[in-house]
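Q: Data file start-v7.csv (CSV, C-alpha atoms) is appended below.
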```
chain,number,residue,atom,x,y,z
A,300,MET,CA,0.0,0.0,0.0
A,301,ILE,CA,1.3,3.5,-0.9
A,302,ALA,CA,0.6,6.9,0.5
A,303,SER,CA,-1.7,8.0,-2.3
A,304,LEU,CA,-4.1,5.1,-1.7
A,305,PRO,CA,-6.5,4.9,1.2
A,306,ARG,CA,-5.3,2.6,3.9
A,307,PRO,CA,-7.5,0.8,6.5
A,308,LEU,CA,-7.1,1.7,10.1
A,309,TRP,CA,-5.5,-1.7,11.1
A,310,LEU,CA,-2.8,-1.2,8.4
A,311,ARG,CA,-2.0,2.3,9.5
A,312,THR,CA,-1.9,1.1,13.2
A,313,SER,CA,0.3,-1.8,12.4
A,314,THR,CA,2.7,0.3,10.3
A,315,VAL,CA,3.1,2.7,13.2
A,316,LEU,CA,3.5,-0.1,15.7
A,317,TYR,CA,6.1,-1.9,13.6
A,318,GLY,CA,8.0,1.4,13.2
A,319,VAL,CA,8.0,1.9,17.0
A,320,ILE,CA,9.2,-1.7,17.6
A,321,PHE,CA,11.9,-1.4,14.9
A,322,PHE,CA,13.3,1.8,16.2
A,323,THR,CA,13.2,0.5,19.8
A,324,PHE,CA,15.2,-2.4,18.6
A,325,LEU,CA,17.7,0.0,17.0
A,326,PHE,CA,18.0,2.4,19.9
A,327,LEU,CA,17.6,0.2,22.9
A,328,PRO,CA,21.3,-0.9,23.2
A,329,LEU,CA,22.5,2.7,22.7
A,330,ALA,CA,20.1,4.0,25.3
A,331,ILE,CA,21.2,1.3,27.8
A,332,VAL,CA,24.9,2.2,27.2
A,333,ALA,CA,24.1,5.9,27.6
A,334,ILE,CA,22.1,5.4,30.8
A,335,SER,CA,24.7,3.0,32.2
A,336,SER,CA,27.6,5.3,31.5
A,337,ILE,CA,25.9,8.6,32.6
A,338,PHE,CA,23.6,7.7,35.4
A,339,LEU,CA,25.1,4.5,36.8
A,340,PRO,CA,28.9,4.9,37.0
A,341,SER,CA,30.5,1.8,38.4
A,342,THR,CA,32.1,2.5,41.8
A,343,ARG,CA,32.4,-1.0,42.9
A,344,SER,CA,35.9,-2.4,43.4
A,345,LEU,CA,35.6,-5.7,41.6
A,346,ALA,CA,37.8,-8.6,42.5
A,347,SER,CA,40.6,-9.1,39.9
A,348,PRO,CA,41.8,-12.5,38.8
A,349,PRO,CA,44.4,-14.2,41.2
A,350,GLN,CA,47.4,-13.5,39.0
A,351,TYR,CA,46.6,-9.8,39.1
A,352,GLN,CA,45.8,-9.5,42.8
A,353,THR,CA,47.9,-6.9,44.5
A,354,PHE,CA,48.6,-6.2,48.1
A,355,ALA,CA,50.2,-3.4,50.0
A,356,VAL,CA,53.8,-3.5,51.1
A,357,VAL,CA,55.0,-1.0,53.6
A,358,VAL,CA,58.7,-0.1,53.2
A,359,ARG,CA,60.3,1.8,56.0
A,360,LEU,CA,63.0,4.0,54.5
A,361,VAL,CA,66.4,3.9,56.3
A,362,ASP,CA,67.1,7.6,56.0
A,363,GLY,CA,63.8,8.9,57.1
A,364,ASP,CA,60.5,8.3,58.8
A,365,ALA,CA,58.4,8.3,55.7
A,366,GLU,CA,56.6,5.2,54.7
A,367,GLN,CA,56.1,4.3,51.1
A,368,LEU,CA,53.2,2.3,50.0
A,369,LEU,CA,53.9,0.1,47.0
A,370,GLN,CA,51.6,-2.1,45.0
A,371,VAL,CA,53.5,-5.2,44.2
A,372,ARG,CA,52.2,-8.1,42.2
A,373,ARG,CA,52.0,-11.2,44.4
A,374,HIS,CA,53.8,-13.5,42.0
A,375,LEU,CA,56.7,-11.1,41.8
A,376,VAL,CA,57.5,-11.3,45.5
A,377,PRO,CA,59.5,-14.3,46.7
A,378,ALA,CA,57.8,-16.5,49.3
A,379,GLY,CA,60.5,-15.8,51.9
A,380,VAL,CA,59.7,-12.1,51.8
A,381,LEU,CA,56.0,-12.8,52.3
A,382,ALA,CA,56.8,-15.0,55.3
A,383,LYS,CA,58.8,-12.1,57.0
B,134,MET,CA,57.1,27.9,-34.9
B,135,SER,CA,56.3,25.2,-32.3
B,136,LEU,CA,57.7,21.7,-32.8
B,137,VAL,CA,54.7,20.0,-31.0
B,138,GLU,CA,51.2,20.3,-32.3
B,139,PRO,CA,48.7,21.8,-29.7
B,140,SER,CA,46.4,18.7,-30.1
B,141,THR,CA,49.3,16.4,-29.1
B,142,VAL,CA,50.0,18.5,-26.0
B,143,SER,CA,46.4,18.4,-24.9
B,144,ARG,CA,46.3,14.6,-25.5
B,145,HIS,CA,49.4,14.2,-23.4
B,146,SER,CA,48.0,16.3,-20.6
B,147,ALA,CA,44.7,14.4,-20.7
B,148,ARG,CA,46.6,11.1,-20.4
B,149,LEU,CA,48.7,12.5,-17.5
B,150,MET,CA,45.5,13.6,-15.8
B,151,LEU,CA,43.9,10.2,-16.2
B,152,MET,CA,47.0,8.5,-14.8
B,153,LEU,CA,47.0,10.8,-11.8
B,154,LEU,CA,43.3,10.1,-11.2
B,155,LEU,CA,43.8,6.4,-11.5
B,156,ALA,CA,47.0,6.3,-9.4
B,157,PRO,CA,45.3,5.9,-6.0
B,158,ALA,CA,43.2,3.0,-7.2
B,159,LEU,CA,46.1,1.5,-9.0
B,160,LEU,CA,48.2,1.7,-5.8
B,161,TRP,CA,45.4,0.7,-3.4
B,162,LEU,CA,44.0,-2.3,-5.3
B,163,PRO,CA,47.2,-4.2,-6.0
B,164,GLY,CA,48.9,-3.1,-2.8
B,165,LEU,CA,46.2,-3.7,-0.2
B,166,ILE,CA,43.9,-6.2,-1.9
B,167,VAL,CA,45.8,-8.3,-4.5
B,168,LEU,CA,49.2,-8.7,-2.9
B,169,PRO,CA,47.9,-9.7,0.6
B,170,HIS,CA,45.7,-12.3,-1.1
B,171,VAL,CA,48.6,-13.7,-3.2
B,172,GLU,CA,50.7,-13.9,0.0
B,173,LEU,CA,47.9,-15.7,1.8
B,174,GLY,CA,47.4,-18.0,-1.1
B,175,ILE,CA,51.2,-18.9,-1.0
B,176,LEU,CA,51.0,-19.3,2.8
B,177,SER,CA,48.0,-21.6,2.6
B,178,MET,CA,49.7,-24.0,0.1
B,179,ARG,CA,52.9,-24.7,1.9
B,180,GLN,CA,53.9,-26.7,4.9
B,181,ARG,CA,56.6,-26.3,7.5
B,182,VAL,CA,58.7,-29.4,7.6
B,183,ALA,CA,61.5,-28.0,9.7
B,184,PRO,CA,62.4,-24.6,11.3
B,185,ARG,CA,62.3,-22.1,8.4
B,186,VAL,CA,62.0,-24.9,5.9
B,187,TYR,CA,58.8,-25.1,3.9
B,188,GLU,CA,57.5,-27.4,1.1
B,189,PRO,CA,54.5,-26.9,-1.2
B,190,SER,CA,51.6,-28.9,0.3
B,191,LEU,CA,47.8,-29.0,0.7
B,192,ALA,CA,48.1,-30.4,4.2
B,193,GLN,CA,46.2,-27.4,5.7
B,194,PHE,CA,43.2,-28.2,3.5
B,195,ALA,CA,43.5,-31.9,4.4
B,196,THR,CA,43.5,-30.9,8.1
B,197,PHE,CA,40.3,-29.0,7.6
B,198,VAL,CA,38.6,-32.0,5.9
B,199,ASP,CA,39.9,-34.5,8.6
B,200,GLU,CA,39.0,-32.4,11.7
B,201,PRO,CA,35.2,-32.5,12.3
B,202,LEU,CA,35.4,-29.4,14.6
B,203,TYR,CA,36.5,-27.2,11.7
B,204,TRP,CA,33.9,-28.7,9.3
B,205,HIS,CA,31.1,-28.2,11.9
B,206,THR,CA,32.2,-24.6,12.6
B,207,PHE,CA,32.4,-23.9,8.9
B,208,VAL,CA,28.9,-25.2,8.1
B,209,ARG,CA,27.4,-23.7,11.2
B,210,THR,CA,28.8,-20.2,10.3
B,211,ALA,CA,27.4,-20.5,6.8
B,212,LEU,CA,24.0,-21.6,8.0
B,213,MET,CA,23.7,-19.0,10.7
B,214,SER,CA,24.9,-16.3,8.3
B,215,ILE,CA,22.1,-17.3,5.8
B,216,VAL,CA,19.5,-17.2,8.6
B,217,ALA,CA,20.8,-13.8,9.9
B,218,THR,CA,20.6,-12.4,6.3
B,219,ALA,CA,17.0,-13.7,5.9
B,220,ILE,CA,15.9,-12.2,9.2
B,221,THR,CA,17.6,-8.9,8.4
B,222,LEU,CA,15.7,-8.8,5.0
B,223,LEU,CA,12.4,-9.6,6.6
B,224,MET,CA,12.9,-6.9,9.3
B,225,ALA,CA,14.3,-4.3,7.0
B,226,PHE,CA,11.7,-4.6,4.1
B,227,PRO,CA,8.7,-3.1,5.9
B,228,ILE,CA,10.6,-0.2,7.2
B,229,ALA,CA,12.3,0.5,3.8
B,230,TRP,CA,8.8,0.3,2.2
B,231,THR,CA,7.4,2.8,4.8
B,232,ILE,CA,10.3,5.2,4.2
B,233,ALA,CA,10.2,4.9,0.4
B,234,LYS,CA,6.5,4.7,-0.2
B,235,ILE,CA,4.4,5.8,2.8
B,236,ALA,CA,6.3,8.5,4.7
B,237,ARG,CA,6.4,12.0,3.3
B,238,GLY,CA,8.4,15.2,3.9
B,239,ARG,CA,10.0,15.6,7.3
B,240,VAL,CA,8.8,12.2,8.7
B,241,LYS,CA,10.6,10.5,5.8
B,242,SER,CA,13.8,12.3,6.4
B,243,MET,CA,13.6,11.8,10.1
B,244,MET,CA,13.0,8.0,9.8
B,245,PHE,CA,15.9,7.7,7.4
B,246,VAL,CA,18.2,9.6,9.7
B,247,MET,CA,17.0,7.4,12.6
B,248,CYS,CA,18.1,4.4,10.7
B,249,LEU,CA,21.6,5.9,10.3
B,250,ILE,CA,22.1,7.2,13.8
B,251,PRO,CA,22.8,3.9,15.6
B,252,PHE,CA,25.6,3.2,13.1
B,253,TRP,CA,27.4,6.3,14.1
B,254,VAL,CA,28.4,4.5,17.2
B,255,SER,CA,31.1,1.8,17.1
B,256,GLU,CA,30.1,-1.8,16.7
B,257,THR,CA,31.9,-2.6,20.0
B,258,VAL,CA,29.7,-0.2,22.0
B,259,ARG,CA,26.5,-1.4,20.4
B,260,THR,CA,27.4,-5.0,21.1
B,261,LEU,CA,28.3,-4.1,24.7
B,262,GLY,CA,24.8,-2.5,24.9
B,263,TRP,CA,23.3,-5.9,24.1
B,264,MET,CA,25.5,-7.5,26.7
B,265,ILE,CA,24.3,-5.1,29.4
B,266,LEU,CA,20.7,-5.9,28.3
B,267,LEU,CA,21.0,-9.6,28.1
B,268,ARG,CA,23.5,-10.8,30.7
B,269,GLU,CA,22.3,-12.6,33.8
B,270,SER,CA,22.7,-9.5,35.9
B,271,GLY,CA,21.4,-7.3,33.1
B,272,VAL,CA,18.4,-5.2,32.4
B,273,LEU,CA,16.1,-7.7,30.7
B,274,PRO,CA,16.5,-10.7,33.1
B,275,ALA,CA,15.9,-8.3,36.0
B,276,LEU,CA,12.8,-7.0,34.3
B,277,LEU,CA,11.5,-10.5,33.8
B,278,VAL,CA,12.0,-11.3,37.5
B,279,ASN,CA,10.3,-8.1,38.5
B,280,LEU,CA,7.3,-8.9,36.3
B,281,GLY,CA,7.1,-12.4,37.8
B,282,VAL,CA,7.8,-14.1,34.4
B,283,THR,CA,10.9,-16.0,35.7
B,284,PRO,CA,11.7,-16.8,39.4
B,285,ALA,CA,15.4,-16.0,39.0
B,286,PRO,CA,17.5,-14.1,36.5
B,287,ILE,CA,18.3,-16.2,33.4
B,288,GLU,CA,21.4,-15.9,31.3
B,289,MET,CA,20.3,-14.7,27.9
B,290,LEU,CA,23.9,-14.3,26.5
B,291,TYR,CA,25.8,-17.1,24.9
B,292,HIS,CA,23.0,-18.6,22.9
B,293,ASP,CA,22.6,-18.9,19.1
B,294,ALA,CA,19.5,-16.6,19.3
B,295,THR,CA,21.6,-14.0,21.0
B,296,ILE,CA,24.3,-14.2,18.3
B,297,LEU,CA,21.6,-13.8,15.6
B,298,VAL,CA,20.1,-10.8,17.4
B,299,GLY,CA,23.6,-9.2,17.4
B,300,LEU,CA,24.3,-10.0,13.8
B,301,VAL,CA,20.9,-8.8,12.5
B,302,TYR,CA,21.3,-5.6,14.5
B,303,THR,CA,24.9,-5.0,13.3
B,304,SER,CA,24.0,-5.4,9.6
B,305,MET,CA,20.5,-3.8,9.5
B,306,LEU,CA,21.7,-0.5,7.9
B,307,PHE,CA,23.3,-2.3,5.0
B,308,MET,CA,20.0,-3.9,4.1
B,309,VAL,CA,17.8,-0.9,4.6
B,310,ILE,CA,19.8,1.5,2.3
B,311,PRO,CA,19.8,-0.6,-0.9
B,312,LEU,CA,16.1,-1.5,-0.3
B,313,ILE,CA,15.1,2.1,0.0
B,314,SER,CA,17.0,3.1,-3.1
B,315,SER,CA,15.4,0.3,-5.2
B,316,LEU,CA,11.9,0.9,-3.8
B,317,GLU,CA,12.0,4.6,-4.4
B,318,SER,CA,12.6,4.0,-8.1
B,319,LEU,CA,9.3,2.1,-8.3
B,320,ASP,CA,6.6,4.2,-9.9
B,321,ASP,CA,3.5,4.6,-7.7
B,322,SER,CA,1.3,4.6,-10.7
B,323,LEU,CA,2.2,1.0,-11.4
B,324,ILE,CA,0.8,0.0,-7.9
B,325,GLU,CA,-2.3,2.2,-8.4
B,326,ALA,CA,-2.9,0.5,-11.8
B,327,ALA,CA,-2.5,-2.9,-10.3
B,328,TYR,CA,-5.1,-2.2,-7.7
B,329,ASP,CA,-7.4,-0.8,-10.4
B,330,LEU,CA,-7.0,-4.0,-12.3
B,331,GLY,CA,-8.1,-6.1,-9.3
B,332,GLY,CA,-4.8,-7.0,-7.7
B,333,ASN,CA,-4.5,-7.4,-4.0
B,334,GLY,CA,-1.6,-6.6,-1.6
B,335,TRP,CA,0.0,-10.1,-1.9
B,336,SER,CA,-0.2,-10.3,-5.7
B,337,ILE,CA,1.2,-6.8,-6.1
B,338,LEU,CA,4.0,-7.6,-3.8
B,339,ARG,CA,4.8,-10.8,-5.6
B,340,GLN,CA,4.4,-9.6,-9.2
B,341,ILE,CA,5.4,-5.9,-9.1
B,342,VAL,CA,7.3,-4.9,-6.0
B,343,ILE,CA,9.7,-7.9,-5.5
B,344,PRO,CA,10.7,-8.1,-9.2
B,345,HIS,CA,11.3,-4.4,-9.3
B,346,ALA,CA,13.3,-4.4,-6.0
B,347,ALA,CA,15.2,-7.6,-6.7
B,348,PRO,CA,18.5,-5.9,-7.5
B,349,GLY,CA,18.3,-4.0,-4.2
B,350,ILE,CA,17.2,-7.1,-2.3
B,351,VAL,CA,20.1,-9.1,-3.7
B,352,ALA,CA,22.6,-6.3,-3.2
B,353,GLY,CA,21.5,-6.0,0.5
B,354,CYS,CA,21.6,-9.7,1.0
B,355,ILE,CA,25.1,-10.0,-0.5
B,356,VAL,CA,26.5,-7.2,1.7
B,357,VAL,CA,24.8,-8.4,4.8
B,358,PHE,CA,25.8,-12.0,4.2
B,359,MET,CA,29.5,-11.1,3.7
B,360,LEU,CA,29.5,-8.8,6.7
B,361,THR,CA,27.9,-11.6,8.8
B,362,LEU,CA,30.1,-14.3,7.6
B,363,GLY,CA,33.3,-12.3,8.3
B,364,ASN,CA,32.1,-10.9,11.6
B,365,TYR,CA,34.4,-11.6,14.5
B,366,LEU,CA,33.4,-9.2,17.3
B,367,THR,CA,29.6,-9.9,17.6
B,368,PRO,CA,29.7,-13.7,17.7
B,369,THR,CA,32.7,-13.6,20.1
B,370,LEU,CA,31.1,-11.2,22.6
B,371,LEU,CA,27.5,-12.4,22.4
B,372,GLY,CA,28.2,-16.1,21.9
B,373,GLY,CA,31.2,-16.6,24.1
B,374,LYS,CA,32.8,-20.0,23.9
B,375,ASN,CA,29.6,-21.4,22.4
B,376,SER,CA,29.7,-19.1,19.3
B,377,GLN,CA,32.0,-21.5,17.3
B,378,TRP,CA,32.3,-18.9,14.5
B,379,PHE,CA,34.8,-19.6,11.7
B,380,THR,CA,36.5,-16.3,12.0
B,381,GLU,CA,37.4,-17.3,15.5
B,382,GLN,CA,39.2,-20.4,14.1
B,383,ILE,CA,41.1,-18.1,11.8
B,384,TYR,CA,42.0,-15.8,14.7
B,385,THR,CA,43.1,-18.8,16.8
B,386,GLN,CA,45.4,-20.1,14.0
B,387,PHE,CA,47.0,-16.8,13.3
B,388,ILE,CA,47.3,-15.2,16.8
B,389,THR,CA,47.1,-18.0,19.4
B,390,ARG,CA,48.8,-20.9,17.6
B,391,PHE,CA,51.0,-18.9,15.2
B,392,ASN,CA,50.0,-21.3,12.5
B,393,TRP,CA,49.8,-18.8,9.7
B,394,GLU,CA,49.6,-21.6,7.0
B,395,GLN,CA,46.5,-23.1,8.6
B,396,GLY,CA,45.0,-19.6,9.2
B,397,ALA,CA,45.6,-18.6,5.5
B,398,ALA,CA,44.0,-21.9,4.4
B,399,PHE,CA,40.9,-21.2,6.5
B,400,GLY,CA,40.8,-17.6,5.2
B,401,PHE,CA,40.7,-18.9,1.6
B,402,LEU,CA,38.1,-21.5,2.5
B,403,LEU,CA,35.9,-18.7,3.9
B,404,LEU,CA,36.5,-16.6,0.8
B,405,GLY,CA,35.5,-19.6,-1.4
B,406,LEU,CA,32.4,-20.2,0.7
B,407,SER,CA,31.2,-16.6,0.5
B,408,THR,CA,31.9,-16.5,-3.3
B,409,ALA,CA,30.0,-19.8,-3.8
B,410,ILE,CA,27.0,-18.7,-1.8
B,411,VAL,CA,26.8,-15.2,-3.5
B,412,TRP,CA,27.1,-16.9,-6.9
B,413,ALA,CA,24.3,-19.3,-6.0
B,414,GLY,CA,22.2,-16.4,-4.7
B,415,LEU,CA,22.7,-14.5,-8.0
B,416,LYS,CA,21.8,-17.6,-10.1
B,417,LEU,CA,18.7,-18.4,-8.0
B,418,SER,CA,17.4,-14.8,-8.2
B,419,GLY,CA,18.4,-14.4,-11.9
B,420,GLN,CA,20.4,-11.2,-11.2
B,421,LYS,CA,23.6,-9.9,-12.7
B,422,PHE,CA,26.5,-9.1,-10.4
B,423,GLY,CA,27.3,-5.7,-12.1
B,424,GLU,CA,23.7,-4.6,-11.9
B,425,VAL,CA,23.4,-5.6,-8.3
B,426,MET,CA,26.6,-3.8,-7.2
B,427,GLN,CA,25.3,-0.6,-8.7
B,428,ARG,CA,22.5,-0.7,-6.1
B,429,SER,CA,24.7,-1.4,-3.2
```
Have the structure of the file written as structure tokens, please.

A:
Amino acid sequence: MIASLPRPLWLRTSTVLYGVIFFTFLFLPLAIVAISSIFLPSTRSLASPPQYQTFAVVVRLVDGDAEQLLQVRRHLVPAGVLAK
Amino acid sequence: MSLVEPSTVSRHSARLMLMLLLAPALLWLPGLIVLPHVELGILSMRQRVAPRVYEPSLAQFATFVDEPLYWHTFVRTALMSIVATAITLLMAFPIAWTIAKIARGRVKSMMFVMCLIPFWVSETVRTLGWMILLRESGVLPALLVNLGVTPAPIEMLYHDATILVGLVYTSMLFMVIPLISSLESLDDSLIEAAYDLGGNGWSILRQIVIPHAAPGIVAGCIVVFMLTLGNYLTPTLLGGKNSQWFTEQIYTQFITRFNWEQGAAFGFLLLGLSTAIVWAGLKLSGQKFGEVMQRS
């Protein structure tokens, strides 16, 4: 059916309905991404895989009182150091 | 008195201009299309017999035939791509018809632009949107639980249907555009005359609209099928380990296993498959490749 011909009500309704469904399908993922990124920023500290887990090592400097906090990968530190 | 005739000078300058205009295409096509394919062809037909020692061989193709996983993935990729192309056509045709034949003025322009806007965003972001929607902790499973449809959130990712949704979504634009261009060239008076002569919606669609739009339909199907068959991101993200897409096998051979010979052979098999299916589609629909490509 074309615009110049009379169209029954059910056809006009179904055309509009299909258009709404189609454009919802096209825009829904984008809307979800936009809402997630703007209104729901992720502030959770998610657990990382074991090989990337880090822990704090406090190093007391010999020539001062300052303490330095280092993030060291667990697998890079020898077992003996961890025991101490 | 000049030694060179003015007509000769103008002919030389015209030839120089033609060469300059053709230069980018002459550099681009052999350098980025032909040469890499020749290199891949050579890679696919040799076998490593010792470190840095190669012999001509078809062992990679024999491996493909002998290993059922490769065969299954190959056939599955082809079938799913055909299904995705068919669904894309069925979904795109009504909207293309509405834009080309029913909508007028500003509504028509707005609908056309709305079809384009989602494709201004990268494919990765769009696929991630589907992941946020469909994952177990996502929007849709939570909605189903809140509505009381399911007792607990269900995992909607990593299914064949999810991969199909992603593939249809990703390639929708490439079906809509050729369909609109082919339907717009259909004269409205033909449809009016058909109704006057007693035709109904179905007979007009079958005898007037589809034959007229056939080049656009075939063009859209070819582009969508090729994009779907060669898609890596969407099946990987939405299908996970269950996706079993052939491009994943190619990636694994090249990147994970460093078996470039096998990867090149797989690449050529995929190229052969897409060429064969496109050729079969053209033969079945009675279209000519050149005519179809003008619509795409």

Q: Chain B residues within 9 Å of chain A, counting all atoms listed in the file: which ones, as number ranges by chain?

A: B: 224-225, 227-228, 230-231, 234-237, 244, 247-248, 250-251, 254, 258-266, 272, 302, 305, 321, 324-325, 334

Q: Leaving out segment 287-294 of chain B and any residue of its chain fewer than 4 positions from it, which residues lie within 12 Å of it when counting only C-alpha atoms, given as JSON, numbers by chain?

A: {"B": [209, 210, 212, 213, 214, 216, 217, 220, 260, 261, 262, 263, 264, 265, 266, 267, 268, 269, 270, 271, 272, 273, 274, 275, 276, 277, 278, 282, 283, 298, 299, 300, 301, 367, 368, 369, 370, 371, 372, 373, 374, 375, 376, 377, 378]}

Q: In Å, with one decimal, what is the gap from atom CA of Tyr365 of chain B to atom CA of Glu381 of chain B?

A: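 So the answer is 6.5 Å.
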
Q: If you measure from atom CA of Pro305 of chain A to atom CA of Arg339 of chain B, what distance in Å do you get, rounded to one decimal?

A: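 One can read the atom CA of Pro305 of chain A to atom CA of Arg339 of chain B distance as 20.5 Å.
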
Q: Give me the residues near segment 203-205 of chain B as a short mmCIF file (atom, residue, chain, number, x, y, z; two decimals) with C-alpha atoms, in the coordinates of the input, where near means some atom within 12 Å (using only C-alpha atoms) and where sequence neighbours in that chain fewer than 2 positions away do not count.

A:
```cif
data_model
loop_
_atom_site.label_atom_id
_atom_site.label_comp_id
_atom_site.auth_asym_id
_atom_site.auth_seq_id
_atom_site.Cartn_x
_atom_site.Cartn_y
_atom_site.Cartn_z
CA GLN B 193 46.20 -27.40 5.70
CA PHE B 194 43.20 -28.20 3.50
CA ALA B 195 43.50 -31.90 4.40
CA THR B 196 43.50 -30.90 8.10
CA PHE B 197 40.30 -29.00 7.60
CA VAL B 198 38.60 -32.00 5.90
CA ASP B 199 39.90 -34.50 8.60
CA GLU B 200 39.00 -32.40 11.70
CA PRO B 201 35.20 -32.50 12.30
CA PHE B 207 32.40 -23.90 8.90
CA VAL B 208 28.90 -25.20 8.10
CA ARG B 209 27.40 -23.70 11.20
CA THR B 210 28.80 -20.20 10.30
CA ALA B 211 27.40 -20.50 6.80
CA LEU B 212 24.00 -21.60 8.00
CA MET B 213 23.70 -19.00 10.70
CA SER B 376 29.70 -19.10 19.30
CA GLN B 377 32.00 -21.50 17.30
CA TRP B 378 32.30 -18.90 14.50
CA PHE B 379 34.80 -19.60 11.70
CA THR B 380 36.50 -16.30 12.00
CA GLU B 381 37.40 -17.30 15.50
CA GLN B 382 39.20 -20.40 14.10
CA ILE B 383 41.10 -18.10 11.80
CA THR B 385 43.10 -18.80 16.80
CA GLN B 386 45.40 -20.10 14.00
CA GLN B 395 46.50 -23.10 8.60
CA GLY B 396 45.00 -19.60 9.20
CA ALA B 398 44.00 -21.90 4.40
CA PHE B 399 40.90 -21.20 6.50
CA LEU B 402 38.10 -21.50 2.50
CA LEU B 403 35.90 -18.70 3.90
#
```

Q: Just the number, please: distance in Å from atom CA of Leu176 of chain B to atom CA of Glu394 of chain B, one decimal.

A: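 Atom-to-atom, atom CA of Leu176 of chain B and atom CA of Glu394 of chain B are spaced 5.0 Å apart.
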